[in-house]
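Notes follow once the structure below has been shown.
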Amino acid sequence: MPNHIIHSGRDQELPAFLNERADEILSACTRCGKCVEVCPVVPFTAAHAHDASEVIDGVARYLLDAGPLAEMSADWMHHCNGCQDCIPACPESVNPQQLLLMASIKESSQGTQTPQLFRRMSRAVKLMVAMQLLPVEAGRLLSTPASKPVDLIFYTGCNAPRTPHLLFNTMYVLDALGADYEVLGGPSSCCGVIAAKWEGEVRAGGRMTANTLTRFASFQPSKVLNWCPTCDIHLNQTLEGFGSRSFDFQHVTEYMLERTEDLVAAFSTPVRKRVILHGHRGALEVSRNVEALLKLVPGLEVIDTVLDSSYTCGRSGSAKAPELKEPEQAHLLARVRETGADALITLFHSCHMALIGHEKHGQFEVLNFTDLLAAAVGREPSTDRLKQFRLIDSWPEIVDDARPFLEANGMNIDREWLIGNGAKVISLAEFSSDFDCSKALR
């Protein structure tokens with residue numbers, strides 16, 4: 001079997017698994033080009049000037065070591081926003097998104113554009129958490145608790161702690177449901193996608209994945225409730241069948257809907273707002289779950305759900321195709337304004353980071369769906385300090401506001417560095433450059 005992803009060496013469990021998966025996909029793919037024909041990002045790439053079958057054949061030939069990755073195919077791959085329109089379009093039931101992911105992993109393994117990304121991301125996450133939370137709260141998200149039998153693991157992924165209030169709101173709802181759970185996440189419990197896909201370090205990514213799955217299993221849970229859409233794609237799709245699992249892996253909103261009767265009983269407080277929900281076509285199930293949950297909230301009116309084509313906002317989703325993202329986001333904001341909605345409701349953590357700044361215009365609030373669920377169960381939603389930072393919009397003031405939290409977390413910060421670079425920290429600049437926030441620490 002060809003080594004589609006990475007060549008032989010030590011720690012071959014994940015490379016071998018990915019090679020086998022790529023071989024299965026390539027064997028089934030007829031290069032018909034249906035996936036390219038339906039792809040919404042193609043008009044904004046070099047692929048639009050070529051026959052669709054040529055574009056997908058370029059990806060296949062690259063994975064088969066039959067030549068370099070063609071420019072038209074590479075441009076298509078680099079713009080993929082995870083919309084998943086290609087999956088139902090395939091007459092052979094192939095997942096073309098997985099084919100592009102395999103090619104992306106191979107490309108990164110031959111020369112990544114983001115070396116040491118995981119290390120840089122970990123530092124940025126740690127700094128952002130320290131700017132927003134006191135040590136006890138920060139420890140809840142970043143420290144691994146001692147293993148003990150629990151029914152559920154609430155898995156945040158490694159990046160979501162940048163928006164900690166969403167996670168605490170989710171915990172408020174789990175608490176209201178009487179769930180028996182522990183929290184795992186942060187960089188110490190990464191799903192492995194950054195090392196494998198972005199850095200091209202497939203062996204290291206495999207070790208991270210295996211360690212995280214082992215950590216899950218040590219708690220003997222019946223379910224792992226996931227938050228992050230990227231973790232869902234990596235662990236549930238790309239790595240389906242990799243490693244033994246004694247637990248179900250599902251999105252936390254699916255679990256909440258399974259507990260609909262209990263949740264309705266817990267909704268003690270009306271939330272009198274008219275809202276527009278921001279969703280994603282590439283994460284349609286979660287978008288529909290959230291819509292269904294919000295429609296259970298007493299007093300709340302969901303005017304509309306506006307879907308953009310990607311699977312999430314941010315640098316791994318909508319931002320990969322900015323020519324498509326901009327009109328879609330403009331449509332979303334126009335819909336909020338024209339309906340006179342009280343609030344724009346965000347979906348994932350990356351969506352919240354991308355959209356909260358629009359509240360500063362004063363026409364509507366930007367809230368996450370977890371804010372509404374927490375309020376409905378009678379809890380004061382967790383403080384959205386990241387939104388406070390965005391609305392302050394003055395880095396000297398932001399740094400002074402965050403200083404007590406940083407000091408409480410033992411961070412002796414270089415104030416001038418953070419004033420000059422704080423915007424990069426909260427915009428995930430490390431994913432697009434060699435930005436490293438370690439210089440902020442002394």
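Following the order of the structure tokens, first chain is A, next is B, and so on, with residues numbered from 1 inside each chain and ligands from 1 in the order they appear.
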Could you pull out the residues in range 88-276 of chain A that DSSP calls alpha helix (DSSP H) from the backbone, as a ChimeraX atom specification?
/A:88-89,96-109,117-132,135-142,164-176,193,202-218,229-232,252-258,260-266
Listing only residues of range 161-259 of chain A within 10 Å of range 139-147 of chain A, what is the closest atom pair and its distance in Å (to one decimal) for each, using only C-alpha atoms, sorted by chain and residue number ascending, as a Markdown table?
| residue | atom | partner | partner_atom | distance |
| --- | --- | --- | --- | --- |
| A:Pro161 | CA | A:Leu141 | CA | 6.7 |
| A:Pro164 | CA | A:Leu141 | CA | 7.9 |
| A:Leu167 | CA | A:Leu141 | CA | 8.5 |
| A:Phe168 | CA | A:Leu141 | CA | 9.1 |
| A:Glu182 | CA | A:Pro145 | CA | 7.6 |
| A:Val183 | CA | A:Leu141 | CA | 6.8 |
| A:Leu184 | CA | A:Thr144 | CA | 6.3 |
| A:Gly185 | CA | A:Leu142 | CA | 6.3 |
| A:Gly186 | CA | A:Leu142 | CA | 5.0 |
| A:Pro187 | CA | A:Leu142 | CA | 7.6 |
| A:Ser188 | CA | A:Leu142 | CA | 7.4 |
| A:Ser189 | CA | A:Thr144 | CA | 8.2 |
| A:Arg215 | CA | A:Ser147 | CA | 8.1 |
| A:Phe216 | CA | A:Ser147 | CA | 8.9 |
| A:Ala217 | CA | A:Ser147 | CA | 9.2 |
| A:Ser218 | CA | A:Ser147 | CA | 5.9 |
| A:Phe219 | CA | A:Ser147 | CA | 5.2 |
| A:Gln220 | CA | A:Ser147 | CA | 8.8 |
Could those selected residues go to a file with N, CA and C atoms, as a compact mmCIF listing (two decimals), in the first residue's frame?
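What follows is the written file result_22.txt:
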# COMPACT_ATOMS: atom_id res chain seq x y z
N PRO A 161 -11.10 27.16 25.87
CA PRO A 161 -10.89 27.95 27.10
C PRO A 161 -10.56 29.41 26.86
N PRO A 164 -13.85 31.35 28.16
CA PRO A 164 -14.22 30.49 29.29
C PRO A 164 -15.66 30.62 29.74
N LEU A 167 -18.02 27.96 28.51
CA LEU A 167 -17.85 26.65 29.13
C LEU A 167 -18.48 26.60 30.51
N PHE A 168 -18.32 27.68 31.27
CA PHE A 168 -18.95 27.72 32.59
C PHE A 168 -20.47 27.76 32.47
N GLU A 182 -16.96 15.31 34.86
CA GLU A 182 -15.70 16.01 35.08
C GLU A 182 -15.37 16.77 33.80
N VAL A 183 -14.54 17.80 33.95
CA VAL A 183 -14.15 18.64 32.82
C VAL A 183 -12.73 18.28 32.40
N LEU A 184 -12.56 18.03 31.12
CA LEU A 184 -11.22 17.81 30.55
C LEU A 184 -11.07 18.70 29.34
N GLY A 185 -9.90 19.27 29.19
CA GLY A 185 -9.64 20.11 28.03
C GLY A 185 -8.37 20.91 28.21
N GLY A 186 -8.25 21.95 27.40
CA GLY A 186 -7.02 22.72 27.40
C GLY A 186 -5.93 21.98 26.63
N PRO A 187 -4.79 22.59 26.43
CA PRO A 187 -3.71 21.98 25.65
C PRO A 187 -3.26 20.62 26.15
N SER A 188 -3.41 20.34 27.46
CA SER A 188 -2.96 19.05 27.97
C SER A 188 -3.85 17.90 27.53
N SER A 189 -5.03 18.23 26.99
CA SER A 189 -5.95 17.19 26.51
C SER A 189 -6.35 17.46 25.07
N ARG A 215 -6.97 9.11 28.62
CA ARG A 215 -7.40 9.92 29.75
C ARG A 215 -8.92 9.86 29.90
N PHE A 216 -9.63 9.94 28.78
CA PHE A 216 -11.08 9.78 28.84
C PHE A 216 -11.45 8.45 29.51
N ALA A 217 -10.85 7.39 29.00
CA ALA A 217 -11.21 6.05 29.46
C ALA A 217 -10.91 5.85 30.94
N SER A 218 -9.92 6.58 31.48
CA SER A 218 -9.55 6.40 32.90
C SER A 218 -10.67 6.83 33.84
N PHE A 219 -11.63 7.61 33.35
CA PHE A 219 -12.76 8.04 34.16
C PHE A 219 -13.97 7.10 34.01
N GLN A 220 -13.84 6.13 33.12
CA GLN A 220 -14.90 5.13 32.88
C GLN A 220 -16.24 5.79 32.55
I want to know what sits within 9 Å of Cys35 in chain A, based on only C-alpha atoms, with residues of the same chain fewer than 2 positions away left out; could you give that as a VMD selection string?
chain A and resid 32 to 33 37 to 39 52 56 85 to 90 96 to 97
Store the residues of this selection in a file with C-alpha atoms, as a PDB file, in the first residue's frame.
ATOM      1  CA  CYS A  32     -15.894  12.493 -11.322  1.00  0.00           C
ATOM      2  CA  GLY A  33     -15.596  16.004  -9.875  1.00  0.00           C
ATOM      3  CA  GLU A  37     -18.936  21.241  -8.806  1.00  0.00           C
ATOM      4  CA  VAL A  38     -20.994  21.848  -5.656  1.00  0.00           C
ATOM      5  CA  CYS A  39     -18.229  23.481  -3.598  1.00  0.00           C
ATOM      6  CA  ALA A  52     -13.851  19.736 -11.910  1.00  0.00           C
ATOM      7  CA  ILE A  56     -10.013  16.350  -7.710  1.00  0.00           C
ATOM      8  CA  ASP A  85     -21.688  20.160   0.693  1.00  0.00           C
ATOM      9  CA  CYS A  86     -19.374  17.755  -1.110  1.00  0.00           C
ATOM     10  CA  ILE A  87     -20.304  14.746   1.022  1.00  0.00           C
ATOM     11  CA  PRO A  88     -23.914  14.189  -0.139  1.00  0.00           C
ATOM     12  CA  ALA A  89     -22.885  15.129  -3.690  1.00  0.00           C
ATOM     13  CA  CYS A  90     -20.511  12.156  -4.040  1.00  0.00           C
ATOM     14  CA  PRO A  96     -14.182  14.385  -0.176  1.00  0.00           C
ATOM     15  CA  GLN A  97     -13.511  16.606   2.825  1.00  0.00           C
TER      16      GLN A  97
END
Pick from A:Met171, A:Met131, A:Ala196, A:Ala343 nearest to Pro381 in chain A, counting only C-alpha atoms:
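Among the listed residues, the smallest separation from Pro381 in chain A belongs to A:Met171.
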Of the candidates A:Leu333, A:Leu277, A:Leu177, A:Cys191, which shows the shortest atom-to-atom distance to Leu239 in chain A, using only C-alpha atoms?
A:Cys191
Write out as an NGL selection string which residues come within 8 Å of range 242-248 of chain A when counting only C-alpha atoms, dropping same-chain ones fewer than 2 positions away.
:A and (14 or 17 or 210 or 213 or 217 or 220-224 or 239-240 or 250)
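For the choices A:Leu355, A:Leu406, A:Leu344, A:Ile413, the atom-to-atom distance to Cys437 in chain A is smallest for A:Ile413 when using only C-alpha atoms.
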Identify, on the basis of only C-alpha atoms, every residue whose closest approach to Phe348 in chain A does not exceed 12 Å; exclude the query and any residue fewer than 5 positions from it along the same chain; express the result as an NGL selection string.
:A and (156-157 or 159-164 or 166-167 or 170 or 226-230 or 251-253 or 277-280 or 283 or 286-287 or 290 or 311-314 or 317 or 353-356 or 367-370)
Next, the residues of the selection above should be written as a compact mmCIF listing (two decimals), in the first residue's frame with N, CA and C atoms.
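Result file result14.txt:
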# COMPACT_ATOMS: atom_id res chain seq x y z
N THR A 156 -13.75 20.10 26.50
CA THR A 156 -13.75 21.45 25.92
C THR A 156 -12.88 21.57 24.68
N GLY A 157 -11.96 20.62 24.45
CA GLY A 157 -10.94 20.83 23.44
C GLY A 157 -9.88 21.78 23.96
N ASN A 159 -8.73 24.80 22.51
CA ASN A 159 -8.82 26.23 22.21
C ASN A 159 -9.99 26.92 22.87
N ALA A 160 -11.06 26.19 23.16
CA ALA A 160 -12.28 26.81 23.70
C ALA A 160 -12.07 27.55 25.03
N PRO A 161 -11.10 27.16 25.87
CA PRO A 161 -10.89 27.95 27.10
C PRO A 161 -10.56 29.41 26.86
N ARG A 162 -10.26 29.81 25.63
CA ARG A 162 -10.09 31.23 25.33
C ARG A 162 -11.38 32.00 25.61
N THR A 163 -12.51 31.33 25.50
CA THR A 163 -13.82 31.92 25.79
C THR A 163 -14.41 31.18 26.98
N PRO A 164 -13.85 31.35 28.16
CA PRO A 164 -14.22 30.49 29.29
C PRO A 164 -15.66 30.62 29.74
N LEU A 166 -18.35 30.65 28.09
CA LEU A 166 -19.23 29.71 27.40
C LEU A 166 -19.19 28.33 28.06
N LEU A 167 -18.02 27.96 28.51
CA LEU A 167 -17.85 26.65 29.13
C LEU A 167 -18.48 26.60 30.51
N THR A 170 -22.16 26.32 30.15
CA THR A 170 -22.53 24.94 29.84
C THR A 170 -22.54 24.09 31.10
N ASN A 226 -18.66 16.54 23.82
CA ASN A 226 -17.70 17.41 23.15
C ASN A 226 -18.28 18.80 22.95
N TRP A 227 -17.41 19.81 22.93
CA TRP A 227 -17.81 21.18 22.63
C TRP A 227 -17.31 21.61 21.25
N CYS A 228 -16.05 21.32 20.94
CA CYS A 228 -15.37 21.92 19.78
C CYS A 228 -15.71 21.21 18.48
N PRO A 229 -16.10 21.95 17.42
CA PRO A 229 -16.43 21.30 16.14
C PRO A 229 -15.22 20.68 15.45
N THR A 230 -14.03 21.26 15.65
CA THR A 230 -12.83 20.69 15.05
C THR A 230 -12.48 19.36 15.70
N HIS A 251 -21.88 15.57 20.78
CA HIS A 251 -21.85 16.98 21.15
C HIS A 251 -22.72 17.20 22.37
N VAL A 252 -22.30 18.16 23.21
CA VAL A 252 -23.01 18.41 24.46
C VAL A 252 -24.46 18.81 24.22
N THR A 253 -24.74 19.46 23.09
CA THR A 253 -26.12 19.86 22.80
C THR A 253 -27.00 18.64 22.51
N LEU A 277 -30.32 33.45 15.49
CA LEU A 277 -29.26 32.47 15.76
C LEU A 277 -28.33 32.38 14.55
N HIS A 278 -27.06 32.50 14.83
CA HIS A 278 -26.02 32.30 13.81
C HIS A 278 -25.61 30.83 13.83
N GLY A 279 -25.75 30.15 12.67
CA GLY A 279 -25.39 28.74 12.59
C GLY A 279 -24.44 28.47 11.44
N HIS A 280 -24.13 27.20 11.24
CA HIS A 280 -23.20 26.78 10.19
C HIS A 280 -23.73 25.57 9.44
N ALA A 283 -21.90 22.49 10.15
CA ALA A 283 -22.17 21.91 11.47
C ALA A 283 -23.68 21.95 11.68
N VAL A 286 -25.41 20.40 14.96
CA VAL A 286 -25.28 21.22 16.16
C VAL A 286 -26.13 22.48 16.04
N SER A 287 -26.14 23.10 14.86
CA SER A 287 -26.96 24.30 14.65
C SER A 287 -28.43 24.00 14.92
N VAL A 290 -29.07 23.45 18.69
CA VAL A 290 -29.14 24.71 19.44
C VAL A 290 -30.47 25.42 19.18
N TYR A 311 -18.01 25.35 8.55
CA TYR A 311 -18.36 24.51 9.69
C TYR A 311 -18.17 25.26 11.01
N THR A 312 -17.44 26.36 10.97
CA THR A 312 -17.24 27.22 12.14
C THR A 312 -16.65 28.53 11.65
N CYS A 313 -16.65 29.55 12.49
CA CYS A 313 -15.95 30.78 12.17
C CYS A 313 -14.46 30.60 12.49
N GLY A 314 -13.66 31.56 12.08
CA GLY A 314 -12.26 31.52 12.47
C GLY A 314 -11.35 30.97 11.40
N GLY A 317 -12.09 27.71 9.58
CA GLY A 317 -13.40 27.61 8.96
C GLY A 317 -13.64 28.73 7.96
N MET A 353 -15.90 34.67 19.33
CA MET A 353 -14.75 35.56 19.21
C MET A 353 -14.84 36.44 17.96
N ALA A 354 -15.38 35.87 16.88
CA ALA A 354 -15.45 36.60 15.62
C ALA A 354 -16.55 37.65 15.60
N LEU A 355 -17.61 37.47 16.38
CA LEU A 355 -18.80 38.31 16.25
C LEU A 355 -19.07 39.26 17.40
N ILE A 356 -18.44 39.05 18.57
CA ILE A 356 -18.81 39.87 19.73
C ILE A 356 -18.53 41.35 19.53
N LEU A 367 -24.70 37.52 22.15
CA LEU A 367 -24.65 36.53 23.21
C LEU A 367 -24.39 35.16 22.62
N ASN A 368 -23.94 34.25 23.45
CA ASN A 368 -23.84 32.86 23.03
C ASN A 368 -25.09 32.12 23.49
N PHE A 369 -25.41 31.05 22.81
CA PHE A 369 -26.62 30.30 23.19
C PHE A 369 -26.54 29.81 24.63
N THR A 370 -25.32 29.59 25.13
CA THR A 370 -25.20 29.12 26.51
C THR A 370 -25.58 30.20 27.51
From a backbone DSSP assignment, name each residue in range 61-194 of chain A labelled strand (DSSP E), as an MDAnalysis selection string.
chainID A and resid 152:155 181:184
Any chance you can output those residues with C-alpha atoms as a PDB file, in the first residue's frame?
ATOM      1  CA  LEU A 152     -19.832  12.006  31.746  1.00  0.00           C
ATOM      2  CA  ILE A 153     -16.769  13.912  30.580  1.00  0.00           C
ATOM      3  CA  PHE A 154     -17.353  17.476  29.413  1.00  0.00           C
ATOM      4  CA  TYR A 155     -14.582  17.856  26.831  1.00  0.00           C
ATOM      5  CA  TYR A 181     -19.302  14.860  35.114  1.00  0.00           C
ATOM      6  CA  GLU A 182     -15.703  16.010  35.076  1.00  0.00           C
ATOM      7  CA  VAL A 183     -14.148  18.641  32.824  1.00  0.00           C
ATOM      8  CA  LEU A 184     -11.225  17.809  30.551  1.00  0.00           C
TER       9      LEU A 184
END
Could you pull the residues within 10 Å of range 26-31 of chain A, counting only C-alpha atoms, minus those fewer than 6 positions along the same chain, as JSON, numbers by chain?
{"A": [4, 20, 52, 53, 54, 55, 56, 57, 58, 59, 60, 61, 63, 64, 90, 91, 92, 93, 94, 95, 96, 99]}
